[in-house]
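**Student:** Pasting run.pdb below, which is PDB, C-alpha atoms.
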```pdb
MODEL        1
ATOM      1  CA  MET A   1      16.426 -19.905  -8.796
ATOM      2  CA  ALA A   2      19.658 -21.913  -8.627
ATOM      3  CA  ALA A   3      20.932 -19.612  -5.886
ATOM      4  CA  HIS A   4      17.880 -20.411  -3.764
ATOM      5  CA  ALA A   5      18.557 -24.138  -3.321
ATOM      6  CA  PRO A   6      21.686 -23.858  -1.107
ATOM      7  CA  LEU A   7      20.199 -20.914   0.769
ATOM      8  CA  GLY A   8      16.995 -22.833   1.437
ATOM      9  CA  ILE A   9      18.923 -25.826   2.775
ATOM     10  CA  GLU A  10      20.875 -23.539   5.098
ATOM     11  CA  VAL A  11      17.648 -21.905   6.280
ATOM     12  CA  LEU A  12      16.152 -25.293   7.189
ATOM     13  CA  LYS A  13      19.335 -26.280   9.000
ATOM     14  CA  ARG A  14      19.110 -23.114  11.080
ATOM     15  CA  GLY A  15      15.402 -23.626  11.769
ATOM     16  CA  ILE A  16      14.421 -20.120  10.625
ATOM     17  CA  VAL A  17      11.964 -21.036   7.893
ATOM     18  CA  PHE A  18      10.116 -17.726   7.756
ATOM     19  CA  ILE A  19      13.192 -15.529   7.347
ATOM     20  CA  ASP A  20      12.721 -15.491   3.575
ATOM     21  CA  LEU A  21       9.078 -14.409   3.826
ATOM     22  CA  ALA A  22       9.926 -11.709   6.365
ATOM     23  CA  THR A  23      12.926 -10.386   4.435
ATOM     24  CA  ALA A  24      11.074 -10.341   1.116
ATOM     25  CA  GLN A  25       8.050  -8.654   2.686
ATOM     26  CA  VAL A  26      10.167  -5.925   4.294
ATOM     27  CA  VAL A  27      11.903  -5.286   0.974
ATOM     28  CA  GLY A  28       8.507  -5.199  -0.726
ATOM     29  CA  LEU A  29       7.292  -2.670   1.830
ATOM     30  CA  ALA A  30      10.325  -0.472   1.170
ATOM     31  CA  VAL A  31       9.611  -0.542  -2.576
ATOM     32  CA  ILE A  32       5.917   0.265  -2.014
ATOM     33  CA  LEU A  33       6.661   3.199   0.290
ATOM     34  CA  LEU A  34       9.275   4.583  -2.075
ATOM     35  CA  ASP A  35       6.819   4.474  -4.991
ATOM     36  CA  LEU A  36       4.235   6.288  -2.851
ATOM     37  CA  TRP A  37       6.628   8.980  -1.615
ATOM     38  CA  LEU A  38       8.507   9.621  -4.866
ATOM     39  CA  GLU A  39       6.967   9.910  -8.297
ATOM     40  CA  GLU A  40       8.787   7.500 -10.614
ATOM     41  CA  PRO A  41      11.997   7.098  -8.573
ATOM     42  CA  SER A  42      15.104   6.268 -10.561
ATOM     43  CA  TRP A  43      16.265   2.670 -10.771
ATOM     44  CA  ILE A  44      19.349   3.434  -8.681
ATOM     45  CA  VAL A  45      17.304   5.064  -5.916
ATOM     46  CA  LYS A  46      14.825   2.180  -5.927
ATOM     47  CA  GLN A  47      17.534  -0.464  -5.719
ATOM     48  CA  GLY A  48      19.394   1.478  -3.060
ATOM     49  CA  ALA A  49      16.275   1.566  -0.887
ATOM     50  CA  ALA A  50      15.479  -2.093  -1.535
ATOM     51  CA  PHE A  51      18.945  -3.412  -0.723
ATOM     52  CA  ALA A  52      19.265  -1.092   2.286
ATOM     53  CA  ALA A  53      15.985  -2.467   3.665
ATOM     54  CA  GLY A  54      17.034  -6.060   2.964
ATOM     55  CA  ILE A  55      20.423  -5.744   4.648
ATOM     56  CA  ALA A  56      18.973  -3.785   7.575
ATOM     57  CA  ILE A  57      16.353  -6.432   8.380
ATOM     58  CA  ALA A  58      18.921  -9.205   7.876
ATOM     59  CA  LEU A  59      21.303  -7.593  10.357
ATOM     60  CA  PHE A  60      18.400  -7.173  12.766
ATOM     61  CA  PHE A  61      17.605 -10.891  12.520
ATOM     62  CA  ARG A  62      21.282 -11.682  13.105
ATOM     63  CA  TRP A  63      21.231  -9.487  16.211
ATOM     64  CA  VAL A  64      18.150 -11.317  17.499
ATOM     65  CA  GLU A  65      19.849 -14.656  16.812
ATOM     66  CA  HIS A  66      22.817 -13.539  18.891
ATOM     67  CA  LYS A  67      20.891 -11.908  21.739
ATOM     68  CA  SER A  68      17.779 -14.087  22.027
ATOM     69  CA  PRO A  69      17.939 -17.236  19.856
ATOM     70  CA  ASP A  70      14.897 -18.792  21.529
ATOM     71  CA  GLU A  71      12.743 -15.911  20.306
ATOM     72  CA  GLN A  72      14.238 -15.593  16.830
ATOM     73  CA  GLU A  73      11.505 -17.433  14.910
ATOM     74  CA  ALA A  74       8.788 -15.496  16.754
ATOM     75  CA  VAL A  75      10.475 -12.182  15.913
ATOM     76  CA  ILE A  76      10.886 -13.199  12.267
ATOM     77  CA  GLY A  77       7.237 -14.195  11.958
ATOM     78  CA  SER A  78       6.110 -11.010  13.685
ATOM     79  CA  SER A  79       8.269  -8.919  11.353
ATOM     80  CA  PHE A  80       6.583 -10.497   8.353
ATOM     81  CA  ILE A  81       3.040  -9.841   9.544
ATOM     82  CA  VAL A  82       3.827  -6.276  10.643
ATOM     83  CA  ALA A  83       5.463  -5.438   7.295
ATOM     84  CA  ALA A  84       2.531  -6.985   5.418
ATOM     85  CA  SER A  85       0.034  -5.006   7.500
ATOM     86  CA  VAL A  86       1.879  -1.724   7.003
ATOM     87  CA  ALA A  87       1.902  -2.378   3.246
ATOM     88  CA  LEU A  88      -1.871  -2.897   3.277
ATOM     89  CA  LEU A  89      -2.376   0.304   5.250
ATOM     90  CA  ALA A  90      -0.073   2.283   2.943
ATOM     91  CA  LEU A  91      -1.995   1.136  -0.144
ATOM     92  CA  ALA A  92      -5.475   1.362   1.385
ATOM     93  CA  ASN A  93      -6.394   4.610  -0.415
ATOM     94  CA  ASP A  94      -4.260   4.140  -3.512
ATOM     95  CA  PRO A  95      -6.332   3.456  -6.671
ATOM     96  CA  HIS A  96      -3.574   1.199  -7.953
ATOM     97  CA  GLY A  97      -2.900  -0.379  -4.564
ATOM     98  CA  GLY A  98      -4.304  -3.791  -5.474
ATOM     99  CA  GLU A  99      -2.078  -4.092  -8.520
ATOM    100  CA  ALA A 100       0.999  -2.924  -6.601
ATOM    101  CA  LEU A 101       0.351  -5.423  -3.818
ATOM    102  CA  ARG A 102      -0.228  -8.256  -6.268
ATOM    103  CA  HIS A 103       3.053  -7.437  -7.986
ATOM    104  CA  VAL A 104       4.940  -7.550  -4.670
ATOM    105  CA  LEU A 105       3.345 -10.834  -3.596
ATOM    106  CA  SER A 106       3.145 -12.891  -6.786
ATOM    107  CA  GLY A 107       5.490 -11.034  -9.130
ATOM    108  CA  GLN A 108       5.346 -10.968 -12.922
ATOM    109  CA  ILE A 109       8.031 -13.448 -13.880
ATOM    110  CA  LEU A 110       6.881 -13.878 -17.484
ATOM    111  CA  PHE A 111       7.106 -10.120 -18.023
ATOM    112  CA  ALA A 112      10.593  -9.726 -16.570
ATOM    113  CA  SER A 113      12.799  -8.355 -19.336
ATOM    114  CA  TRP A 114      16.332  -9.423 -20.152
ATOM    115  CA  HIS A 115      17.367  -5.969 -18.927
ATOM    116  CA  ASP A 116      15.817  -6.726 -15.520
ATOM    117  CA  ILE A 117      17.570 -10.085 -15.343
ATOM    118  CA  ALA A 118      20.911  -8.622 -16.456
ATOM    119  CA  ALA A 119      20.634  -5.886 -13.825
ATOM    120  CA  PHE A 120      20.497  -8.445 -11.009
ATOM    121  CA  LEU A 121      22.854 -11.002 -12.552
ATOM    122  CA  PRO A 122      25.960  -9.528 -10.838
ATOM    123  CA  ILE A 123      24.264 -10.075  -7.455
ATOM    124  CA  TYR A 124      23.729 -13.757  -8.177
ATOM    125  CA  GLY A 125      27.240 -14.062  -9.582
ATOM    126  CA  LEU A 126      28.746 -12.472  -6.479
ATOM    127  CA  PHE A 127      26.703 -14.795  -4.279
ATOM    128  CA  ALA A 128      27.868 -17.885  -6.195
ATOM    129  CA  VAL A 129      31.539 -16.877  -5.963
ATOM    130  CA  LEU A 130      31.405 -16.062  -2.260
ATOM    131  CA  TRP A 131      29.283 -19.105  -1.371
ATOM    132  CA  LEU A 132      31.663 -21.516  -3.092
ATOM    133  CA  ALA A 133      35.000 -19.769  -2.549
ATOM    134  CA  ALA A 134      34.493 -18.526   1.012
ATOM    135  CA  PRO A 135      32.516 -21.140   3.009
ATOM    136  CA  ARG A 136      33.219 -19.231   6.231
ATOM    137  CA  LEU A 137      30.789 -16.541   5.062
ATOM    138  CA  ARG A 138      27.961 -19.041   5.436
ATOM    139  CA  ALA A 139      28.226 -18.643   9.208
ATOM    140  CA  GLY A 140      27.285 -15.672  11.338
ATOM    141  CA  VAL A 141      26.547 -12.289   9.832
ATOM    142  CA  GLY A 142      27.922 -13.290   6.416
ATOM    143  CA  PHE A 143      25.026 -15.665   5.826
ATOM    144  CA  PHE A 144      22.450 -13.002   6.653
ATOM    145  CA  VAL A 145      24.031 -10.441   4.318
ATOM    146  CA  LEU A 146      24.298 -12.908   1.417
ATOM    147  CA  PHE A 147      20.751 -14.041   2.077
ATOM    148  CA  ALA A 148      19.470 -10.457   2.042
ATOM    149  CA  LEU A 149      21.214  -9.666  -1.249
ATOM    150  CA  VAL A 150      19.735 -12.679  -3.048
ATOM    151  CA  VAL A 151      16.233 -12.316  -1.591
ATOM    152  CA  THR A 152      16.132  -8.584  -2.384
ATOM    153  CA  ALA A 153      16.987  -9.240  -6.023
ATOM    154  CA  SER A 154      14.646 -12.226  -6.345
ATOM    155  CA  MET A 155      11.686 -10.511  -4.683
ATOM    156  CA  GLN A 156      11.705  -7.792  -7.322
ATOM    157  CA  LEU A 157      11.779 -10.358 -10.108
ATOM    158  CA  VAL A 158       9.353 -13.031  -8.883
ATOM    159  CA  GLY A 159       7.517 -11.756  -5.782
ATOM    160  CA  VAL A 160       7.295 -12.758  -2.117
ATOM    161  CA  TYR A 161       5.373 -16.023  -2.550
ATOM    162  CA  LEU A 162       7.683 -17.472  -5.173
ATOM    163  CA  VAL A 163      10.795 -16.486  -3.214
ATOM    164  CA  PHE A 164       9.527 -18.504  -0.252
ATOM    165  CA  ALA A 165       8.458 -21.487  -2.380
ATOM    166  CA  SER A 166      11.715 -21.656  -4.342
ATOM    167  CA  LEU A 167      13.789 -21.466  -1.165
ATOM    168  CA  ILE A 168      11.928 -23.868   1.122
ATOM    169  CA  LEU A 169      10.214 -26.487  -1.058
ATOM    170  CA  PRO A 170      13.336 -27.678  -2.959
ATOM    171  CA  ALA A 171      15.172 -27.741   0.378
ATOM    172  CA  LEU A 172      12.425 -29.976   1.789
ATOM    173  CA  ALA A 173      12.776 -32.215  -1.243
ATOM    174  CA  ALA A 174      16.518 -32.394  -0.590
ATOM    175  CA  ARG A 175      15.838 -33.901   2.851
ATOM    176  CA  ALA A 176      14.090 -36.950   1.408
ATOM    177  CA  GLY A 177      15.604 -40.138   2.755
ATOM    178  CA  GLY A 178      17.465 -38.292   5.523
ATOM    179  CA  GLY A 179      20.185 -35.680   5.331
ATOM    180  CA  TYR A 180      20.546 -33.129   2.552
ATOM    181  CA  ILE A 181      21.483 -33.950  -1.045
ATOM    182  CA  HIS A 182      21.832 -30.767  -3.048
ATOM    183  CA  ARG A 183      21.190 -32.372  -6.419
ATOM    184  CA  ARG A 184      17.694 -33.308  -5.260
ATOM    185  CA  ALA A 185      16.982 -29.671  -4.501
ATOM    186  CA  PHE A 186      18.278 -28.499  -7.884
ATOM    187  CA  ALA A 187      16.372 -31.238  -9.729
ATOM    188  CA  SER A 188      13.128 -30.606  -7.879
ATOM    189  CA  GLY A 189      13.370 -26.843  -8.306
ATOM    190  CA  GLY A 190      14.416 -27.037 -11.954
ATOM    191  CA  LEU A 191      11.525 -29.336 -12.832
ATOM    192  CA  ALA A 192       9.069 -27.007 -11.077
ATOM    193  CA  VAL A 193      10.340 -23.924 -12.939
ATOM    194  CA  VAL A 194      10.208 -25.555 -16.377
ATOM    195  CA  ALA A 195       6.770 -27.103 -15.793
ATOM    196  CA  GLY A 196       5.335 -23.940 -14.246
ATOM    197  CA  ILE A 197       6.479 -21.607 -17.034
ATOM    198  CA  LEU A 198       5.307 -23.981 -19.795
ATOM    199  CA  ILE A 199       1.897 -24.553 -18.199
ATOM    200  CA  SER A 200       1.466 -20.828 -17.547
ATOM    201  CA  ALA A 201       2.313 -19.956 -21.149
ATOM    202  CA  VAL A 202      -0.113 -22.551 -22.533
ATOM    203  CA  SER A 203      -2.986 -22.018 -20.072
ATOM    204  CA  ASP A 204      -2.650 -18.218 -19.642
ATOM    205  CA  LEU A 205      -2.710 -18.644 -15.853
ATOM    206  CA  PRO A 206      -0.659 -16.317 -13.575
ATOM    207  CA  ALA A 207       2.910 -17.607 -13.541
ATOM    208  CA  GLY A 208       3.726 -16.740  -9.914
ATOM    209  CA  PRO A 209       0.964 -18.721  -8.145
ATOM    210  CA  LEU A 210       1.239 -21.551 -10.664
ATOM    211  CA  LEU A 211       4.977 -21.875 -10.039
ATOM    212  CA  VAL A 212       4.357 -22.044  -6.286
ATOM    213  CA  VAL A 213       1.979 -24.980  -6.861
ATOM    214  CA  CYS A 214       4.527 -26.643  -9.172
ATOM    215  CA  PHE A 215       7.245 -26.294  -6.524
ATOM    216  CA  ALA A 216       4.940 -27.970  -3.992
ATOM    217  CA  VAL A 217       3.997 -30.832  -6.338
ATOM    218  CA  SER A 218       7.611 -31.366  -7.397
ATOM    219  CA  ALA A 219       8.845 -31.420  -3.791
ATOM    220  CA  ALA A 220       6.116 -33.873  -2.734
ATOM    221  CA  ALA A 221       6.832 -36.134  -5.712
ATOM    222  CA  THR A 222      10.578 -36.070  -5.006
ATOM    223  CA  ARG A 223      10.063 -37.105  -1.389
ATOM    224  CA  LEU A 224       7.669 -39.901  -2.369
ATOM    225  CA  LEU A 225      10.049 -41.242  -5.009
ATOM    226  CA  CYS A 226      13.034 -41.130  -2.677
ATOM    227  CA  ARG A 227      11.105 -42.920   0.066
ATOM    228  CA  SER A 228       9.997 -45.623  -2.340
ATOM    229  CA  GLU A 229      13.550 -46.399  -3.525
ATOM    230  CA  PRO A 230      14.600 -48.347  -0.370
ATOM    231  CA  MET A 231      11.351 -50.320  -0.513
ATOM    232  CA  LEU A 232      11.939 -51.235  -4.142
ATOM    233  CA  ARG A 233      15.523 -52.334  -3.430
ATOM    234  CA  ALA A 234      14.320 -54.434  -0.495
ATOM    235  CA  THR A 235      11.648 -56.094  -2.661
ATOM    236  CA  ARG A 236      14.181 -56.974  -5.354
ATOM    237  CA  GLN A 237      16.499 -58.549  -2.773
TER     238      GLN A 237
ENDMDL
END
```
Please go through the file and, once you have read it, give me the structure as structure tokens.
**Tutor:**
Amino acid sequence: MAAHAPLGIEVLKRGIVFIDLATAQVVGLAVILLDLWLEEPSWIVKQGAAFAAGIAIALFFRWVEHKSPDEQEAVIGSSFIVAASVALLALANDPHGGEALRHVLSGQILFASWHDIAAFLPIYGLFAVLWLAAPRLRAGVGFFVLFALVVTASMQLVGVYLVFASLILPALAARAGGGYIHRRAFASGGLAVVAGILISAVSDLPAGPLLVVCFAVSAAATRLLCRSEPMLRATRQ
């Protein structure tokens, strides 16, 4: 989730809030279709299809940004709803369709194995190196490619809903008091993850939806606390 904080802040700066939902949903659709067309596809084939779909939709969004920036958010939102609808249609007659769709949307974070995490760790490591060592990649097509790589990996681990929540809600918390302070985003997101996993383990509630709620509560609390700080300083003076 640490990789999501800087990406979420950049997304808010660009004003393309729904790009994470759309990208994750398109990747989820690619995974669903592959599972329907091929019986037990190999991990390499599955990841190849997922990352190809993620990069393809990211490059498409970059093209829209370049050609028609005023319509970019509308195209992104439309892409999300079309991909979601196609996924519903594809799974309509599948006896396990409900379970597959739930996995894509809310994930199964508590059941992710260390093997799953290790498989995607190089992606997050590459992102961290490029994001910190090559700031120029944050502009133009570089941002969209890096974004697609991280979202594709995260969607398969935690699901569409949690990808959106972990990208946008900590970024909103980081805006408290004006401007962006990255440590607020990391603190808000970190608190939400720890609280959500602990509560889910104790209460036996689904981790994905519970974590989304924790991200929302943590972001709201962060903004309220940051807004109250100037008032407290003024009262003391």
**Student:** Going by the chain IDs and residue numbers used in this file, which residues fall under the PyMOL selection byres ((chain A and resi 51) around 10)? Write them as a PyMOL selection string.
**Tutor:** chain A and resi 27+30-31+46-50+52-57+148-153
**Student:** Ile16 (chain A): which residues within 8 Å, counting only C-alpha atoms, same-chain residues fewer than 6 positions away excluded, as an MDAnalysis selection string?
**Tutor:** chainID A and resid 72:73 76
**Student:** Determine, counting only C-alpha atoms, which protein, DNA and RNA residues have an atom within 10 Å of an atom of Pro206 (chain A); residues of the same chain fewer than 5 positions away are not included. Present the result as JSON, numbers by chain.
**Tutor:** {"A": [106, 107, 108, 109, 110, 196, 197, 199, 200, 201, 211]}
**Student:** Please evaluate the PyMOL selection byres ((chain A and resi 90) around 12) against the displayed coordinates and give the resulting residues as a PyMOL selection string.
**Tutor:** chain A and resi 28-37+83-89+91-98+100-101
**Student:** Can you measure CA of Gly208 (chain A) to CA of Ala128 (chain A) for me? One decimal in Å is fine.
**Tutor:** 24.5 Å
**Student:** Kindly indicate which residue among A:Leu191, A:Asp20, A:Arg14, A:Leu169 lies nearest to Pro69 (chain A), using only C-alpha atoms for the distances.
**Tutor:**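 Among the listed residues, the smallest separation from Pro69 (chain A) belongs to A:Arg14.
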**Student:** Residues proximal to (20.6, -23.2, -3.9) were defined as those with any atom within 12 Å of that point in the file's coordinates, counting all atoms listed in the file. Which are they, as a PyMOL selection string?
**Tutor:** chain A and resi 1-11+124+127-128+131-132+147+150-151+163+166-171+174+180-190
**Student:** What is the CA of Asp116 (chain A)-CA of Ser42 (chain A) distance in Å, reported with one decimal?
**Tutor:** 13.9 Å
**Student:** Report, in Å to a single decimal, how far apart CA of Gln156 (chain A) and CA of Leu137 (chain A) are.
**Tutor:**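 Computing the Euclidean distance for CA of Leu137 (chain A) and CA of Gln156 (chain A) yields 24.4 Å.
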**Student:** Compare A:Ser154, A:Ala176, A:Leu198, A:Leu162 by their minimum atom-to-atom distance to Val213 (chain A), counting all atoms listed in the file, and give me the closest one.
**Tutor:**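 The answer is A:Leu162, which sits nearest to Val213 (chain A).
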**Student:** Using only C-alpha atoms, which of the listed residues (A:Val158, A:Leu224, A:Val217, A:Ala173) sits closest to Ile117 (chain A)?
**Tutor:**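 Looking only at the distances to Ile117 (chain A), the closest residue turns out to be A:Val158.
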**Student:** Using only C-alpha atoms, pick whichever of A:Leu210, A:Ala112, A:Leu172, A:Lys67 has the shortest atom-to-atom distance to Met155 (chain A).
**Tutor:**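 With only C-alpha atoms as the atom set, the closest residue is A:Ala112.
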